[in-house]
Amino acid sequence: MRAAIRSGGAMDVPCGTCTACCTGSQFVHVGPDETDALADIPAELLFPAPGLPDGHVVLGYDDRGHCPMLVDGRCSIYDHRPRTCRTYDCRVLVAAGFADDEDVPVEISRRATRWRFDHRGESARMEQAAVERAATFLADHPEALPPEAGRPSLTRLAALAIEVADLFVDAQPDVVGVRAALSAALAQMRDSSAWRR
């Protein structure tokens, strides 16, 4: 999950026929460098992304909360879908302990809570606990988020928790330390054009 978050590469998520993320009333960020996706999405469906530089847009959803590119239960631009769709993984919500949060769309929550993690030893169990502690810390301390993080969704907050989880393995870091680590992680992700969700 860390590798996909940092690189912007596609996640290998066994979605099967699940389209919860496509039908969960979510905006999809499309960066200005995503020329392939932008060429396949009708311009009238794209809107300037609030709080982001010119060229960043969001793809909205229809009156049912469905992505307008979802046709007959399938993505009509799958091979050209935005980076956000390529990297989305509802398991991040489970990893961070957010899957049951009231701000998570109901269908995504229902699907995500089916996931279970198998830990290959105590080290993996400690890593999982650190992700949950980091997520709780970030939710309780929004001042730890650097300005470039904006006001993240829970999915984004969970991804940020994964980025700084190492700080929470053996200690409870302070706001300043977490903010510095997040700034560094965001700079690295921004350089790879992978950080918007």
# chains A, B, ... in the order shown; residues from 1 in each chain; ligands from 1
>>> residues_around(residues="Thr84 of chain A", least_positions_apart="2", cutoff="7 Å", atoms="only C-alpha atoms", output="PyMOL selection string")
chain A and resi 28-29+82+86-88+197
>>> residues_around(residues="segment 122-134 of chain A", least_positions_apart="2", cutoff="6 Å", atoms="only C-alpha atoms", output="list of chain:residue names")
A:Ala96, A:Gly97, A:His119, A:Arg120, A:Thr136, A:Phe137, A:Ala161, A:Ile162, A:Ala165, A:Phe168, A:Val169
>>> select_by_dssp(residues="segment 68-166 of chain A", states="alpha helix (DSSP H)", output="NGL selection string")
:A and (83-87 or 91-96 or 106-112 or 122-140 or 154-164)
